[in-house]
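*Asks:* I'd like to ask you about the structure that follows.
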Amino acid sequence: MTRLMLEQGRVDDFIRHLQAQRPVYAPRRKGQSSYVFAPVDDPNDVVLDYPRTLHSVKKYFLPPREELLNFNLKANSYGQPEIETANAIMLGVHSYDMHAVLRLDYNLAKGNKERNYFARRQGTLFIGVSFSPDKFHFSGSLGISPYDTTGFDLFLYKVDKGFALEIITAMGEKLLSGFDLPALGVPLPPHGEFQQHIYVPQSKLSEVFDHSQENAVWEEEAARCVSCGTCNMVCPTCYCFDVEDEVDVRVVEGTRNRRWDACMLRDFTEVAGGEVFRHKSAARQRHRVYRKFKYISDHTGEPWCVGCGRCTAYCTANISIVSIVNRLVNDYEKDSTARLPQTQPIIDRAREGHSDPAGEAKDLYSPVMAEIKSVQQMTDLEKLFEIQLPDGAELNHKPGQFVELSLFGAGEAPISISSSPAKKGVFDLGIRKVGRLTEMMHRLQPGDRVGIRGPFGNGFDLEKLKGKDVLIIAGGIGLVPLRSLINTVIADREAYGRLIICYGSKSDQELLFGNERKMWDEDPSIEFHVTVDRGSPDWTGKIGVITTLIPELALDLERTIACICGPPIMYRFVLLALKSKRFPEENIYLSLERRMKCGVGKCGHCQINNSYVCQDGPVYHYPAIKGLKEAL
Ligand SMILES: Cc1cc2nc3c(=O)[nH]c(=O)nc-3n(C[C@H](O)[C@H](O)[C@H](O)COP(=O)(O)OP(=O)(O)OC[C@H]3O[C@@H](n4cnc5c(N)ncnc54)[C@H](O)[C@@H]3O)c2cc1C
Ligand code: SF4
Ligand code: SF4
Ligand code: FES
């Protein structure tokens with residue numbers, strides 16, 4: 001280990017030496033008491049002794065606003081903006097912010113490695129600087145000391161008369177070449193003590209969090225929280241985003257942009273029907289803190305908070321994440337007589353960093369342009385579209401999967417694939433007109449082109465259904481994805497047992513797929529039941545909500561698998577009706593709807609506890625989600 005002495009008087013020269021090689025970003029003062037990372041123009045502006053910056057260096061790799069695509073509405077075509085790789089030097093980064101970058105690396109590489117983030121991130125060099133813990137820092141409790149050099153190329157320790165400079169990597173050594181410094185002759189002084197602590201190791205915190213969903217602290221803190229989302233915005237490990245199209249005043253050109261989003265905002269989970277899955281502030285606070293200490297940590301063994309203290313320091317309502325966690329620990333000990341080991345630091349360092357630089361980073365957000373081959377009006381609100389990929393390529397989907405449908409100017413939305421994989425050359429989308437994108441889609445004609453990404457999600461596991469009786473329970477537009485499954489079973493009829501379809505709709509005017517319904521009704525190998533909440537005068541069928549169909553069904557409970565899709569409210573009642581028939585829970589599969597902004601596990605919108613609906617769902621085995629808060 002090489003440590004050199006950088007006298008205070010040579011710091012400006014050192015920065016100039018760095019500037020001669022690459023652009024340098026470093027902390028500078030903003031206003032009276034704030035600090036921000038900014039490009040360095042004049043080395044005199046750089047402040048290396050600072051408590052924390054408002055935002056971390058995350059903003060350079062995952063910018064607050066970023067153009068994903070630019071498009072031309074007339075040509076219905078798009079291009080990709082060049083991603084500016086900063087190839088920069090980040091000078092004066094605190095150890096907790098470096099650990100936050102390593103955690104972002106993990107999130108943006110997991111499953112699908114995102115090109116945008118990694119293109120910016122890869123070429124960057126980091127020079128750390130030690131810090132003096134203030135009343136908000138608690139990174140020490142998370143195993144991140146002010147002297148932690150993980151992830152850095154060079155590190156500056158504050159010492160009397162300047163800095164001790166340590167060379168960590170070969171790139172760091174190269175940066176220094178030509179800038180001679182004497183060796184440091186004295187040992188490093190101890191770093192400052194932390195004033196804030198969480199005393200319990202992560203493995204035990206996970207146990208605490210297993211028992212803390214109902215803790216009163218969520219309601220108590222929610223009473224003070226104003227749902228401003230600041231805690232998310234300043235957090236160096238938060239990565240959730242929203243995606244929106246913006247069009248210029250001439251309505252000719254536009255851009256598809258992503259923006260940081262905040263799970264503390266009420267509409268973060270709002271879906272088309274108006275359902276908000278975490279509508280109470282207490283549920284949102286719980287989700288935020290669970291994300292930091294439970295949901296991701298269960299996969300990685302490490303807390304997903306780095307103890308920077310920003311969310312507490314900048315909270316409008318003085319809500320402290322340390323106080324919340326310590327309260328959960330105390331209440332757990334009180335209630336369970338468990339005595340938790342009190343250690344410090346609390347981390348069980350499962351892995352040194354999380355970055356997975358191996359593997360190819362992919363462009364995840366560019367759609368392929370596909371052609372609408374036919375349009376059929378099904379009801380006043382729903383149309384069925386046949387879509388063909390370029391060169392007639394197959395989508396290769398499974399029943400229950402979805403695509404991200406993209407219309408420039410309106411954005412993207414997840415839409416289920418309604419045709420069976422047995423249908424070749426084209427695939428079907430059944431679309432209800434509810435908002436901007438779907439209204440624009442309803443105006444399109446055969447020959448028009450739309451963007452498609454996918455297929456995404458898991459879909460139904462056909463191997464689990466083969467040889468079994470298949471019970472389909474579809475409410476309203478829930479028939480759209482289930483039609484893909486129904487037609488898959490019909491195309492391979494011998495492979496399955498009975499096919500029982502229960503379909504409910506608000507009114508007979510809103511019933512979908514008229515021709516197919518007639519065929520299902522007439523096919524002796526299909527037991528087709530349909531009901532409507534309200535019937536028009538010439539409706540001769542059943543009237544009643546979908547659950548009224550269930551008691552009448554004669555089922556072989558052991559060999560029947562139920563596949564359910566419908567509006568969120570329907571699940572609760574259908575599950576009750578199945579329960580009262582003693583239908584085995586392990587034979588139930590549900591397709592869930594969540595707000596989705598990326599479809600590839602990056603935007604965080606679709607998260608239910610530690611599961612991402614766009615990747616682990618939308619089809620779930622009921623026992624796996626039964627106990628999850630906010631799932632149903
Ligand atoms: C896996 C999956 C499969 C789906 N399959 C289908 C399908 O096959 N057919 C179909 O028609 N629909 C389907 N949907 C629903 C569809 O994605 C939504 O209806 C989508 O929002 C329509 O986009 P839009 O722009 O037309 O409407 P939006 O503009 O999104 O408006 C619809 C509603 O969404 C909410 N909303 C939208 N944006 C925001 C925001 N920024 N803040 C707060 N609330 C907002 C509001 O409640 C609004 O009323 C599916 C959804 C999922 C998750
Ligand atoms: S910063 Fe504070 S007040 Fe704002 S959402 Fe977060 S906890 Fe609530
Ligand atoms: S949760 Fe709070 S303390 Fe933890 S990393 Fe995020 S902003 Fe920092
Ligand atoms: S994480 Fe973005 S939609 Fe699932």
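Residue names in the structure tokens use chain letters A, B, ... in the order shown, residue numbers from 1 in each chain, and ligand numbers from 1 in the order shown.
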Pick out the residues sitting within 7 Å of stretch 250-255 of chain A, and hand them over as a list in words; count only C-alpha atoms, and ignore anything fewer than 6 positions along from it in its own chain.
*Replies:*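 Here the answer would be Glu67, Leu69, Asn70, Phe71, Asn72, Leu73, Lys74 and Gly409 of chain A.
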*Asks:* Per DSSP on the backbone, filter stretch 94-323 of chain A down to the residues in strand (DSSP E) and report them as a PyMOL selection string.
*Replies:* chain A and resi 125-129+154-159+162-167+241-247+253-260
*Asks:* Excluding A:Leu389 and residues on its chain fewer than 2 positions from it, collect all residues at most 12 Å away from it, counting only C-alpha atoms, and give them as a PyMOL selection string.
*Replies:* chain A and resi 367-373+386-387+391-396+424-428+449-454
*Asks:* So which residues touch A:Pro551 within 9 Å, counting only C-alpha atoms, skipping near sequence neighbours fewer than 6 positions away, as a count of residues only?
*Replies:* 4
*Asks:* Write as a ChimeraX atom specification the residues around ligand 1, taking 6 Å as the cut-off and counting only C-alpha atoms and all ligand atoms.
*Replies:* /A:267,270-274,402,413-416,430-432,434-439,480,593-596,618
*Asks:* Could you report the residues within 12 Å of ligand 2, using only C-alpha atoms and all ligand atoms, as a PyMOL selection string?
*Replies:* chain A and resi 218-235+261-266+280-289+309-321+324
*Asks:* Using only C-alpha atoms and all ligand atoms, find the one residue out of A:Val470, A:Met441, A:Leu364, A:Leu102 that sits nearest to ligand 4.
*Replies:* A:Leu364
*Asks:* Please provide as an NGL selection string all residues within 7 Å of stretch 164-172 of chain A, with the sequence filter that same-chain residues fewer than 6 positions apart are discarded (counting only C-alpha atoms).
*Replies:* :A and (2-6 or 152-158 or 184)
*Asks:* Okay, now the selection with all heavy atoms, as a short mmCIF file (atom, residue, chain, number, x, y, z; two decimals), in the first residue's frame?
*Replies:*
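Saved to result_28.cif:
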data_model
loop_
_atom_site.label_atom_id
_atom_site.label_comp_id
_atom_site.auth_asym_id
_atom_site.auth_seq_id
_atom_site.Cartn_x
_atom_site.Cartn_y
_atom_site.Cartn_z
N THR A 2 0.67 2.13 -0.97
CA THR A 2 1.49 3.34 -1.05
C THR A 2 0.68 4.53 -0.53
O THR A 2 -0.43 4.78 -1.02
CB THR A 2 1.85 3.65 -2.53
OG1 THR A 2 2.17 2.42 -3.16
CG2 THR A 2 2.98 4.63 -2.64
N ARG A 3 1.20 5.22 0.46
CA ARG A 3 0.55 6.47 0.91
C ARG A 3 1.53 7.62 0.75
O ARG A 3 2.68 7.53 1.17
CB ARG A 3 0.12 6.36 2.38
CG ARG A 3 -1.18 5.63 2.50
CD ARG A 3 -1.85 5.89 3.83
NE ARG A 3 -2.82 4.82 4.03
CZ ARG A 3 -2.85 4.03 5.08
NH1 ARG A 3 -1.99 4.17 6.04
NH2 ARG A 3 -3.77 3.08 5.17
N LEU A 4 1.02 8.67 0.11
CA LEU A 4 1.86 9.82 -0.18
C LEU A 4 1.29 11.04 0.52
O LEU A 4 0.12 11.04 0.92
CB LEU A 4 1.90 10.07 -1.69
CG LEU A 4 2.33 8.85 -2.53
CD1 LEU A 4 2.00 9.07 -3.99
CD2 LEU A 4 3.82 8.59 -2.34
N MET A 5 2.09 12.07 0.68
CA MET A 5 1.62 13.28 1.37
C MET A 5 1.30 14.37 0.34
O MET A 5 2.16 14.79 -0.41
CB MET A 5 2.70 13.75 2.35
CG MET A 5 2.28 14.96 3.16
SD MET A 5 0.83 14.61 4.20
CE MET A 5 0.11 16.25 4.35
N LEU A 6 0.02 14.77 0.33
CA LEU A 6 -0.40 15.88 -0.53
C LEU A 6 -0.65 17.08 0.39
O LEU A 6 -1.67 17.14 1.09
CB LEU A 6 -1.68 15.50 -1.29
CG LEU A 6 -2.33 16.58 -2.14
CD1 LEU A 6 -1.42 16.99 -3.31
CD2 LEU A 6 -3.68 16.11 -2.70
N PHE A 152 -12.63 2.79 -5.16
CA PHE A 152 -11.88 3.99 -5.57
C PHE A 152 -10.59 3.62 -6.31
O PHE A 152 -10.05 2.52 -6.15
CB PHE A 152 -11.52 4.83 -4.35
CG PHE A 152 -12.71 5.50 -3.72
CD1 PHE A 152 -13.17 5.12 -2.47
CD2 PHE A 152 -13.39 6.50 -4.39
CE1 PHE A 152 -14.27 5.73 -1.89
CE2 PHE A 152 -14.50 7.13 -3.83
CZ PHE A 152 -14.93 6.74 -2.57
N ASP A 153 -10.10 4.60 -7.09
CA ASP A 153 -8.80 4.45 -7.75
C ASP A 153 -7.71 5.12 -6.93
O ASP A 153 -6.59 4.63 -6.86
CB ASP A 153 -8.88 5.06 -9.16
CG ASP A 153 -9.87 4.29 -10.02
OD1 ASP A 153 -9.54 3.16 -10.42
OD2 ASP A 153 -11.00 4.78 -10.22
N LEU A 154 -8.07 6.25 -6.33
CA LEU A 154 -7.17 6.95 -5.40
C LEU A 154 -8.00 7.34 -4.19
O LEU A 154 -9.22 7.51 -4.31
CB LEU A 154 -6.59 8.23 -6.03
CG LEU A 154 -5.65 8.10 -7.24
CD1 LEU A 154 -5.35 9.49 -7.81
CD2 LEU A 154 -4.35 7.40 -6.84
N PHE A 155 -7.37 7.52 -3.04
CA PHE A 155 -8.14 7.94 -1.87
C PHE A 155 -7.36 8.97 -1.08
O PHE A 155 -6.14 8.84 -0.87
CB PHE A 155 -8.44 6.73 -0.97
CG PHE A 155 -9.55 7.01 0.01
CD1 PHE A 155 -10.88 6.85 -0.36
CD2 PHE A 155 -9.26 7.46 1.29
CE1 PHE A 155 -11.90 7.14 0.54
CE2 PHE A 155 -10.28 7.75 2.20
CZ PHE A 155 -11.61 7.59 1.81
N LEU A 156 -8.07 10.02 -0.65
CA LEU A 156 -7.46 11.10 0.12
C LEU A 156 -7.96 11.03 1.57
O LEU A 156 -9.17 11.10 1.81
CB LEU A 156 -7.87 12.46 -0.47
CG LEU A 156 -7.42 12.74 -1.90
CD1 LEU A 156 -8.19 13.93 -2.49
CD2 LEU A 156 -5.92 13.00 -1.95
N TYR A 157 -7.02 10.87 2.50
CA TYR A 157 -7.39 10.88 3.92
C TYR A 157 -7.05 12.27 4.46
O TYR A 157 -5.93 12.75 4.25
CB TYR A 157 -6.57 9.88 4.73
CG TYR A 157 -6.69 8.46 4.27
CD1 TYR A 157 -5.87 7.97 3.25
CD2 TYR A 157 -7.58 7.58 4.88
CE1 TYR A 157 -5.96 6.65 2.84
CE2 TYR A 157 -7.67 6.25 4.49
CZ TYR A 157 -6.85 5.80 3.46
OH TYR A 157 -6.93 4.49 3.07
N LYS A 158 -8.00 12.89 5.15
CA LYS A 158 -7.72 14.23 5.71
C LYS A 158 -6.73 14.05 6.86
O LYS A 158 -6.98 13.27 7.79
CB LYS A 158 -9.04 14.84 6.21
CG LYS A 158 -8.89 16.25 6.72
CD LYS A 158 -8.89 17.26 5.59
CE LYS A 158 -8.48 18.65 6.07
NZ LYS A 158 -7.05 18.93 6.06
N LEU A 184 4.25 9.46 2.87
CA LEU A 184 3.72 9.94 4.15
C LEU A 184 4.52 9.28 5.26
O LEU A 184 4.60 8.05 5.32
CB LEU A 184 2.23 9.57 4.26
CG LEU A 184 1.53 9.98 5.54
CD1 LEU A 184 1.22 11.46 5.52
CD2 LEU A 184 0.24 9.19 5.72
#
*Asks:* Nearest to A:Arg65 among A:Asp97, A:Glu510, A:Glu244, A:Asp134, with distances taken over only C-alpha atoms: which residue is it?
*Replies:*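 Closest residue, counting only C-alpha atoms: A:Glu244.
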*Asks:* If you measure from atom CA of A:Tyr35 to atom CA of A:His94, what distance in Å do you get, rounded to one decimal?
*Replies:*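 So the answer is 12.8 Å.
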*Asks:* Could you tell me, as a PyMOL selection string, which residues of stretch 212-427 of chain A DSSP assigns to helix (DSSP H, G or I) when given the backbone?
*Replies:* chain A and resi 217-224+230-234+266-269+281-295+297-300+310-313+321-336+390-392
*Asks:* May I have the residues within 8 Å of ligand 4, computed using only C-alpha atoms and all ligand atoms, as an mmCIF file with C-alpha atoms, in the first residue's frame?
*Replies:*
data_model
loop_
_atom_site.group_PDB
_atom_site.id
_atom_site.type_symbol
_atom_site.label_atom_id
_atom_site.label_comp_id
_atom_site.auth_asym_id
_atom_site.auth_seq_id
_atom_site.Cartn_x
_atom_site.Cartn_y
_atom_site.Cartn_z
ATOM 1 C CA CYS A 240 -36.833 4.339 -9.832
ATOM 2 C CA ARG A 594 -49.215 -2.999 -12.025
ATOM 3 C CA ARG A 595 -48.029 0.330 -13.360
ATOM 4 C CA MET A 596 -45.085 -0.478 -15.630
ATOM 5 C CA LYS A 597 -42.705 2.046 -17.082
ATOM 6 C CA CYS A 598 -39.920 -0.160 -18.400
ATOM 7 C CA GLY A 599 -40.983 -3.820 -18.508
ATOM 8 C CA VAL A 600 -37.401 -4.926 -17.840
ATOM 9 C CA GLY A 601 -36.945 -4.663 -14.063
ATOM 10 C CA LYS A 602 -35.400 -1.201 -13.925
ATOM 11 C CA CYS A 603 -37.995 1.496 -13.181
ATOM 12 C CA GLY A 604 -39.226 0.046 -9.870
ATOM 13 C CA HIS A 605 -42.872 0.914 -10.542
ATOM 14 C CA CYS A 606 -44.217 -2.616 -10.614
ATOM 15 C CA GLN A 607 -42.519 -3.793 -7.414
ATOM 16 C CA TYR A 612 -40.914 -7.242 -9.884
ATOM 17 C CA VAL A 613 -44.204 -7.959 -11.655
ATOM 18 C CA CYS A 614 -42.694 -7.264 -15.085
ATOM 19 C CA GLN A 615 -40.158 -10.042 -14.570
#
*Asks:* Got a sec: who's within 12 Å of A:Asp105, counting only C-alpha atoms, leaving out chain neighbours fewer than 3 positions off, as a ChimeraX atom specification?
*Replies:* /A:58,61-62,98-102,108-122,151,236-239,353-358,361,602
*Asks:* Out of A:Phe460, A:Gly447, A:Asp533, A:Phe573, which residue has the shortest atom-to-atom distance to A:His621 when counting only C-alpha atoms?
*Replies:*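 Distance minimum relative to A:His621 lands on A:Phe460.
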*Asks:* As an exercise, work out the distance from atom CA of A:Asp523 to atom CA of A:Ile543 in Å and give it to one decimal place.
*Replies:* 22.4 Å
*Asks:* What is the atom CA of A:Asp521-atom CA of A:Ile486 distance in Å, reported with one decimal?
*Replies:* 12.9 Å
*Asks:* My list of candidates is A:Phe583, A:Tyr589, A:Tyr60, A:Phe408. Which is closest to A:Glu246 when distances are computed with only C-alpha atoms?
*Replies:* A:Phe408
